[in-house]
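Quick look at upload29.tsv (TSV, C-alpha atoms):
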chain	number	residue	atom	x	y	z
Z	1	ASP	CA	207.78	56.24	135.43
Z	2	ALA	CA	209.69	53.44	133.72
Z	3	GLY	CA	211.39	54.28	130.46
Z	4	VAL	CA	211.93	51.94	127.54
Z	5	THR	CA	213.50	48.67	128.62
Z	6	GLN	CA	215.24	46.07	126.48
Z	7	SER	CA	216.51	42.57	127.09
Z	8	PRO	CA	218.96	41.05	127.03
Z	9	THR	CA	221.75	43.62	127.33
Z	10	HIS	CA	224.29	41.56	125.46
Z	11	LEU	CA	224.02	38.46	123.32
Z	12	ILE	CA	226.50	36.28	121.46
Z	13	LYS	CA	225.26	34.00	118.68
Z	14	THR	CA	226.77	31.88	115.95
Z	15	ARG	CA	226.21	32.34	112.24
Z	16	GLY	CA	223.03	30.65	111.07
Z	17	GLN	CA	221.33	30.79	114.46
Z	18	GLN	CA	218.17	32.68	115.30
Z	19	VAL	CA	217.79	35.40	117.93
Z	20	THR	CA	214.91	37.15	119.69
Z	21	LEU	CA	215.25	40.57	121.29
Z	22	ARG	CA	212.63	42.11	123.54
Z	23	CYS	CA	211.39	45.61	124.23
Z	24	SER	CA	208.92	47.11	126.68
Z	25	PRO	CA	207.76	50.62	125.77
Z	26	LYS	CA	207.60	53.63	128.03
Z	27	SER	CA	204.44	53.83	130.10
Z	28	GLY	CA	201.62	55.34	128.05
Z	29	HIS	CA	203.25	54.54	124.71
Z	30	ASP	CA	201.71	52.08	122.28
Z	31	THR	CA	204.03	52.27	119.27
Z	32	VAL	CA	207.39	50.52	119.06
Z	33	SER	CA	210.11	51.04	116.46
Z	34	TRP	CA	213.31	49.04	116.04
Z	35	TYR	CA	216.65	50.34	114.80
Z	36	GLN	CA	219.97	48.66	114.00
Z	37	GLN	CA	223.16	50.57	114.75
Z	38	ALA	CA	226.37	49.12	113.34
Z	39	LEU	CA	229.63	50.19	114.91
Z	40	GLY	CA	230.52	53.76	114.00
Z	41	GLN	CA	227.25	54.34	112.15
Z	42	GLY	CA	223.95	56.02	112.84
Z	43	PRO	CA	220.90	53.91	113.67
Z	44	GLN	CA	219.00	52.44	110.70
Z	45	PHE	CA	215.24	51.98	110.88
Z	46	ILE	CA	214.11	48.34	110.73
Z	47	PHE	CA	210.33	48.50	111.29
Z	48	GLN	CA	207.57	49.88	113.48
Z	49	TYR	CA	204.64	48.19	115.22
Z	50	TYR	CA	201.35	49.74	116.21
Z	51	GLU	CA	198.14	47.92	117.13
Z	52	GLU	CA	200.03	44.64	116.78
Z	53	GLU	CA	200.70	45.26	113.10
Z	54	GLU	CA	203.82	46.23	111.19
Z	55	ARG	CA	203.16	49.79	109.99
Z	56	GLN	CA	206.41	50.90	108.43
Z	57	ARG	CA	209.45	48.97	107.30
Z	58	GLY	CA	212.96	49.98	106.38
Z	59	ASN	CA	215.28	48.35	103.90
Z	60	PHE	CA	215.88	45.11	105.76
Z	61	PRO	CA	215.45	41.53	104.48
Z	62	ASP	CA	212.67	39.19	105.54
Z	63	ARG	CA	215.08	37.52	107.96
Z	64	PHE	CA	214.14	40.39	110.24
Z	65	SER	CA	210.65	40.01	111.63
Z	66	GLY	CA	208.78	41.24	114.63
Z	67	HIS	CA	205.77	41.03	116.80
Z	68	GLN	CA	203.82	43.27	119.11
Z	69	PHE	CA	201.79	41.95	122.02
Z	70	PRO	CA	198.52	43.30	123.45
Z	71	ASN	CA	200.47	44.95	126.28
Z	72	TYR	CA	202.41	46.91	123.57
Z	73	SER	CA	205.71	45.14	124.22
Z	74	SER	CA	207.54	43.93	121.15
Z	75	GLU	CA	209.99	41.34	119.91
Z	76	LEU	CA	212.52	41.50	117.11
Z	77	ASN	CA	213.47	38.20	115.54
Z	78	VAL	CA	216.42	37.66	113.25
Z	79	ASN	CA	216.81	34.33	111.45
Z	80	ALA	CA	219.86	32.82	109.76
Z	81	LEU	CA	222.23	35.23	111.44
Z	82	LEU	CA	225.10	36.69	109.44
Z	83	LEU	CA	228.30	38.24	110.70
Z	84	GLY	CA	226.99	41.57	109.39
Z	85	ASP	CA	224.05	41.41	111.79
Z	86	SER	CA	226.42	42.23	114.64
Z	87	ALA	CA	225.21	45.58	115.94
Z	88	LEU	CA	223.46	47.47	118.70
Z	89	TYR	CA	219.71	47.00	118.36
Z	90	LEU	CA	217.71	49.92	119.69
Z	91	CYS	CA	214.04	50.02	120.50
Z	92	ALA	CA	212.10	53.29	120.54
Z	93	SER	CA	208.58	53.89	121.77
Z	94	SER	CA	206.16	56.69	120.99
Z	95	PRO	CA	202.58	57.64	121.89
Z	96	GLY	CA	201.01	56.51	118.64
Z	97	LEU	CA	198.04	58.48	117.44
Z	98	ALA	CA	198.56	61.36	119.81
Z	99	GLY	CA	198.57	64.30	117.45
Z	100	VAL	CA	201.66	66.45	117.65
Z	101	LYS	CA	203.17	64.17	120.27
Z	102	ALA	CA	203.38	61.37	117.74
Z	103	TYR	CA	206.87	62.54	116.84
Z	104	GLU	CA	208.23	61.80	120.31
Z	105	GLN	CA	210.42	58.71	120.24
Z	106	TYR	CA	212.16	57.55	123.39
Z	107	PHE	CA	214.97	55.05	123.05
Z	108	GLY	CA	215.96	52.14	125.24
Z	109	PRO	CA	219.56	51.21	126.17
Z	110	GLY	CA	219.81	48.69	123.36
Z	111	THR	CA	220.86	45.07	122.98
Z	112	ARG	CA	224.35	44.48	121.70
Z	113	LEU	CA	224.36	41.42	119.43
Z	114	THR	CA	227.60	39.78	118.43
Z	115	VAL	CA	227.54	37.12	115.72
Z	116	THR	CA	230.60	34.88	115.50
N	1	ALA	CA	214.65	59.93	99.84
N	2	GLN	CA	215.75	61.61	103.01
N	3	LYS	CA	219.40	62.07	103.90
N	4	VAL	CA	221.31	63.58	106.81
N	5	THR	CA	224.98	64.50	106.57
N	6	GLN	CA	227.23	65.12	109.54
N	7	ALA	CA	230.56	65.89	107.94
N	8	GLN	CA	232.48	66.15	111.20
N	9	THR	CA	233.45	62.66	112.28
N	10	GLU	CA	235.23	63.65	115.46
N	11	ILE	CA	235.86	66.92	117.32
N	12	SER	CA	238.20	67.45	120.27
N	13	VAL	CA	237.99	70.55	122.43
N	14	VAL	CA	239.31	71.69	125.77
N	15	GLU	CA	236.78	72.25	128.52
N	16	LYS	CA	235.07	75.66	128.45
N	17	GLU	CA	235.54	76.04	124.72
N	18	ASP	CA	232.48	76.54	122.53
N	19	VAL	CA	231.85	73.91	119.87
N	20	THR	CA	229.44	73.69	116.93
N	21	LEU	CA	228.26	70.43	115.41
N	22	ASP	CA	227.10	70.68	111.81
N	23	CYS	CA	224.10	68.96	110.26
N	24	VAL	CA	222.89	69.22	106.67
N	25	TYR	CA	219.76	67.44	105.50
N	26	GLU	CA	217.94	66.57	102.28
N	27	THR	CA	214.24	65.94	101.92
N	28	ARG	CA	211.47	66.51	99.39
N	29	ASP	CA	208.85	66.85	102.10
N	30	THR	CA	207.55	70.31	102.89
N	31	THR	CA	206.66	69.27	106.44
N	32	TYR	CA	209.27	67.45	108.45
N	33	TYR	CA	210.96	67.28	111.83
N	34	LEU	CA	214.61	67.63	112.76
N	35	PHE	CA	216.15	66.17	115.89
N	36	TRP	CA	219.37	66.01	117.82
N	37	TYR	CA	220.20	63.02	120.02
N	38	LYS	CA	223.13	62.41	122.35
N	39	GLN	CA	224.60	58.92	122.71
N	40	PRO	CA	226.91	58.49	125.70
N	41	PRO	CA	229.12	55.38	125.99
N	42	SER	CA	226.23	53.52	127.63
N	43	GLY	CA	224.57	53.43	124.22
N	44	GLU	CA	221.15	54.88	125.00
N	45	LEU	CA	220.05	57.69	122.69
N	46	VAL	CA	219.04	60.76	124.66
N	47	PHE	CA	216.63	63.18	123.02
N	48	LEU	CA	217.87	66.79	123.01
N	49	ILE	CA	215.61	68.77	120.72
N	50	ARG	CA	212.96	68.59	118.02
N	51	ARG	CA	212.26	71.30	115.49
N	52	ASN	CA	209.53	71.30	112.84
N	53	SER	CA	210.07	72.66	109.37
N	54	PHE	CA	207.81	75.66	109.90
N	55	ASP	CA	209.63	76.95	112.94
N	56	GLU	CA	212.95	78.56	112.06
N	57	GLN	CA	213.40	80.30	115.37
N	58	ASN	CA	216.70	79.52	117.01
N	59	GLU	CA	216.44	77.87	120.39
N	60	ILE	CA	218.58	78.04	123.48
N	61	SER	CA	218.47	75.65	126.40
N	62	GLY	CA	221.10	76.34	128.99
N	63	ARG	CA	224.48	75.81	127.35
N	64	TYR	CA	222.88	74.31	124.25
N	65	SER	CA	221.63	76.24	121.25
N	66	TRP	CA	220.36	75.27	117.84
N	67	ASN	CA	220.44	77.19	114.56
N	68	PHE	CA	217.90	76.04	111.95
N	69	GLN	CA	218.32	77.56	108.49
N	70	LYS	CA	215.89	76.23	105.93
N	71	SER	CA	217.58	78.17	103.11
N	72	THR	CA	220.76	76.11	103.54
N	73	SER	CA	219.05	72.94	104.84
N	74	SER	CA	221.12	73.06	107.99
N	75	PHE	CA	220.36	72.43	111.64
N	76	ASN	CA	223.52	73.13	113.62
N	77	PHE	CA	224.06	72.53	117.32
N	78	THR	CA	226.30	74.65	119.53
N	79	ILE	CA	227.51	73.80	123.02
N	80	THR	CA	228.74	76.83	124.92
N	81	ALA	CA	231.42	76.43	127.59
N	82	SER	CA	231.77	72.70	126.97
N	83	GLN	CA	232.22	70.29	129.85
N	84	VAL	CA	233.74	66.83	130.12
N	85	VAL	CA	230.24	65.41	130.62
N	86	ASP	CA	229.37	66.60	127.11
N	87	SER	CA	231.70	63.94	125.66
N	88	ALA	CA	229.51	61.65	123.57
N	89	VAL	CA	228.42	60.91	120.02
N	90	TYR	CA	225.81	63.35	118.76
N	91	PHE	CA	223.34	62.43	116.04
N	92	CYS	CA	221.21	64.65	113.89
N	93	ALA	CA	218.03	63.02	112.55
N	94	LEU	CA	215.17	63.81	110.19
N	95	SER	CA	211.64	62.45	109.88
N	96	GLU	CA	208.42	63.09	108.03
N	97	ALA	CA	205.71	64.75	110.10
N	98	VAL	CA	203.95	61.50	110.87
N	99	GLY	CA	204.01	58.02	109.45
N	100	SER	CA	201.35	56.59	107.19
N	101	ALA	CA	199.40	55.17	110.12
N	102	GLY	CA	199.47	58.47	111.96
N	103	THR	CA	202.24	57.21	114.18
N	104	ALA	CA	205.73	58.59	114.61
N	105	SER	CA	207.57	58.45	111.34
N	106	LYS	CA	210.87	56.66	110.99
N	107	LEU	CA	213.97	58.61	111.83
N	108	THR	CA	216.78	58.98	109.31
N	109	PHE	CA	220.04	59.53	111.17
N	110	GLY	CA	223.36	60.99	110.18
N	111	THR	CA	226.56	59.10	110.91
N	112	GLY	CA	227.18	61.07	114.08
N	113	THR	CA	229.89	63.35	115.42
N	114	ARG	CA	232.03	62.15	118.29
N	115	LEU	CA	232.78	65.00	120.69
N	116	GLN	CA	235.69	64.63	123.08
N	117	VAL	CA	236.01	67.29	125.78
N	118	THR	CA	239.22	67.22	127.79
N	119	LEU	CA	240.42	69.12	130.85

When written as structure tokens, how does the structure in this file appear?
Amino acid sequence: DAGVTQSPTHLIKTRGQQVTLRCSPKSGHDTVSWYQQALGQGPQFIFQYYEEEERQRGNFPDRFSGHQFPNYSSELNVNALLLGDSALYLCASSPGLAGVKAYEQYFGPGTRLTVT
Amino acid sequence: AQKVTQAQTEISVVEKEDVTLDCVYETRDTTYYLFWYKQPPSGELVFLIRRNSFDEQNEISGRYSWNFQKSTSSFNFTITASQVVDSAVYFCALSEAVGSAGTASKLTFGTGTRLQVTL
């Protein structure tokens, strides 16, 4: 049973560029959430996708956008990169409308983005 | 707004010592979930435990135990007889019961406690 997978593992970009990160949820999960974890900090919620729509959003600017595909995988796009966007980006999947199991969120290994 | 405070930035212990990681939370919700995650150097967050706001029973799982006290808004985590493999950053997190769409609600994390266990 494959867990949450993310690609790429590491990425180096220059200020002003755009980046796309990818996430495949755990088998049986249909909801994907994205988190940003700056060095030495706890993860911060970016947004969540379910049924190919953004359902919840944290306090992040519009430069951060996403997409969910029919197979439940998801992309996180960041435009006009800033130095402050350097962080570990974590994807979490959960079973969606599954009653009490909706709270279960399983995290992937993350993508470490460095902006120079 | 929800908030999680982990006042201990870093803790160092010698193997076999017991160690307690503190977590204090703030929320206006009457129904909520509390979590602990472990983050080893690899970066992946590993789920350890979930507790809902109506269940104040303490829980023990092997060398791990959790003490939930609603009266003090605390959810502390104790590792008994620590081992080198326990070295990691531990995060406490809080969420509403479910999100507005009925899906998992966003997690609000503390800043983490780095635990270093040495021989």

I want to know what sits within 7 Å of Phe47 (chain N), based on only C-alpha atoms, with residues of the same chain fewer than 3 positions away left out; could you give that as a PDB file with C-alpha atoms, in the coordinates of the input?
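For reference, out_26.pdb as written:
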ATOM      1  CA  TRP N  36     219.370  66.010 117.820  1.00  0.00           C
ATOM      2  CA  TYR N  37     220.200  63.020 120.020  1.00  0.00           C
ATOM      3  CA  LYS N  38     223.130  62.410 122.350  1.00  0.00           C
TER       4      LYS N  38
END

Smallest atom-to-atom distance to Asn52 (chain N): which of N:Gln39, N:Ser95, N:Thr20, N:Thr72, using all atoms listed in the file? N:Ser95

Counting only C-alpha atoms, figure out which residue out of N:Val24, N:Cys92, N:Ile60, N:Leu107 gets nearest to Ile46 (chain Z).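 Of N:Val24, N:Cys92, N:Ile60, N:Leu107, the one nearest Ile46 (chain Z) is N:Leu107, counting only C-alpha atoms.
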
What are the residues of chain Z lining chain N at 8 Å or less? Count all atoms listed in the file, and put the answer as a list of chain:residue names. Z:Thr31, Z:Ser33, Z:Gly40, Z:Gln41, Z:Gly42, Z:Pro43, Z:Gln44, Z:Phe45, Z:Gln48, Z:Tyr50, Z:Arg55, Z:Gln56, Z:Ser94, Z:Pro95, Z:Gly96, Z:Leu97, Z:Ala98, Z:Ala102, Z:Tyr103, Z:Glu104, Z:Gln105, Z:Tyr106, Z:Phe107, Z:Gly108, Z:Pro109, Z:Gly110

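Comparing Z:Leu88, Z:Ser93, Z:Leu83, Z:Ser73 by their smallest distance to Gln17 (chain Z), the closest is Z:Leu83 (using all atoms listed in the file).
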
Which of these residues is nearest to Glu15 (chain N), using only C-alpha atoms: N:Pro41, N:Leu94, N:Ser87, N:Phe54?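 Between N:Pro41, N:Leu94, N:Ser87, N:Phe54, the residue approaching Glu15 (chain N) most closely is N:Ser87.
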
Closest of Z:Asn77, Z:Gly58, Z:Gly16, Z:Gly3 to Tyr35 (chain Z) - atom-to-atom distances counting all atoms listed in the file: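 Selected residue with least distance to Tyr35 (chain Z): Z:Gly58.
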
Considering only C-alpha atoms, return as a ChimeraX atom specification whatever protein or nucleic-acid residues lie within 9 Å of Ile11 (chain N), sequence-local ones (same chain, fewer than 4 positions apart) excluded. /N:19,21,113-117

Determine, counting only C-alpha atoms, which protein, DNA and RNA residues have an atom within 8 Å of an atom of Tyr89 (chain Z); residues of the same chain fewer than 4 positions away are not included. Present the result as an mmCIF file with C-alpha atoms, keeping the file's coordinate frame.
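Here's the written file around_5.cif:
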data_model
loop_
_atom_site.group_PDB
_atom_site.id
_atom_site.type_symbol
_atom_site.label_atom_id
_atom_site.label_comp_id
_atom_site.auth_asym_id
_atom_site.auth_seq_id
_atom_site.Cartn_x
_atom_site.Cartn_y
_atom_site.Cartn_z
ATOM 1 C CA TRP Z 34 213.310 49.040 116.040
ATOM 2 C CA TYR Z 35 216.650 50.340 114.800
ATOM 3 C CA GLN Z 36 219.970 48.660 114.000
ATOM 4 C CA GLN Z 37 223.160 50.570 114.750
ATOM 5 C CA GLY Z 110 219.810 48.690 123.360
ATOM 6 C CA THR Z 111 220.860 45.070 122.980
ATOM 7 C CA ARG Z 112 224.350 44.480 121.700
ATOM 8 C CA LEU Z 113 224.360 41.420 119.430
#
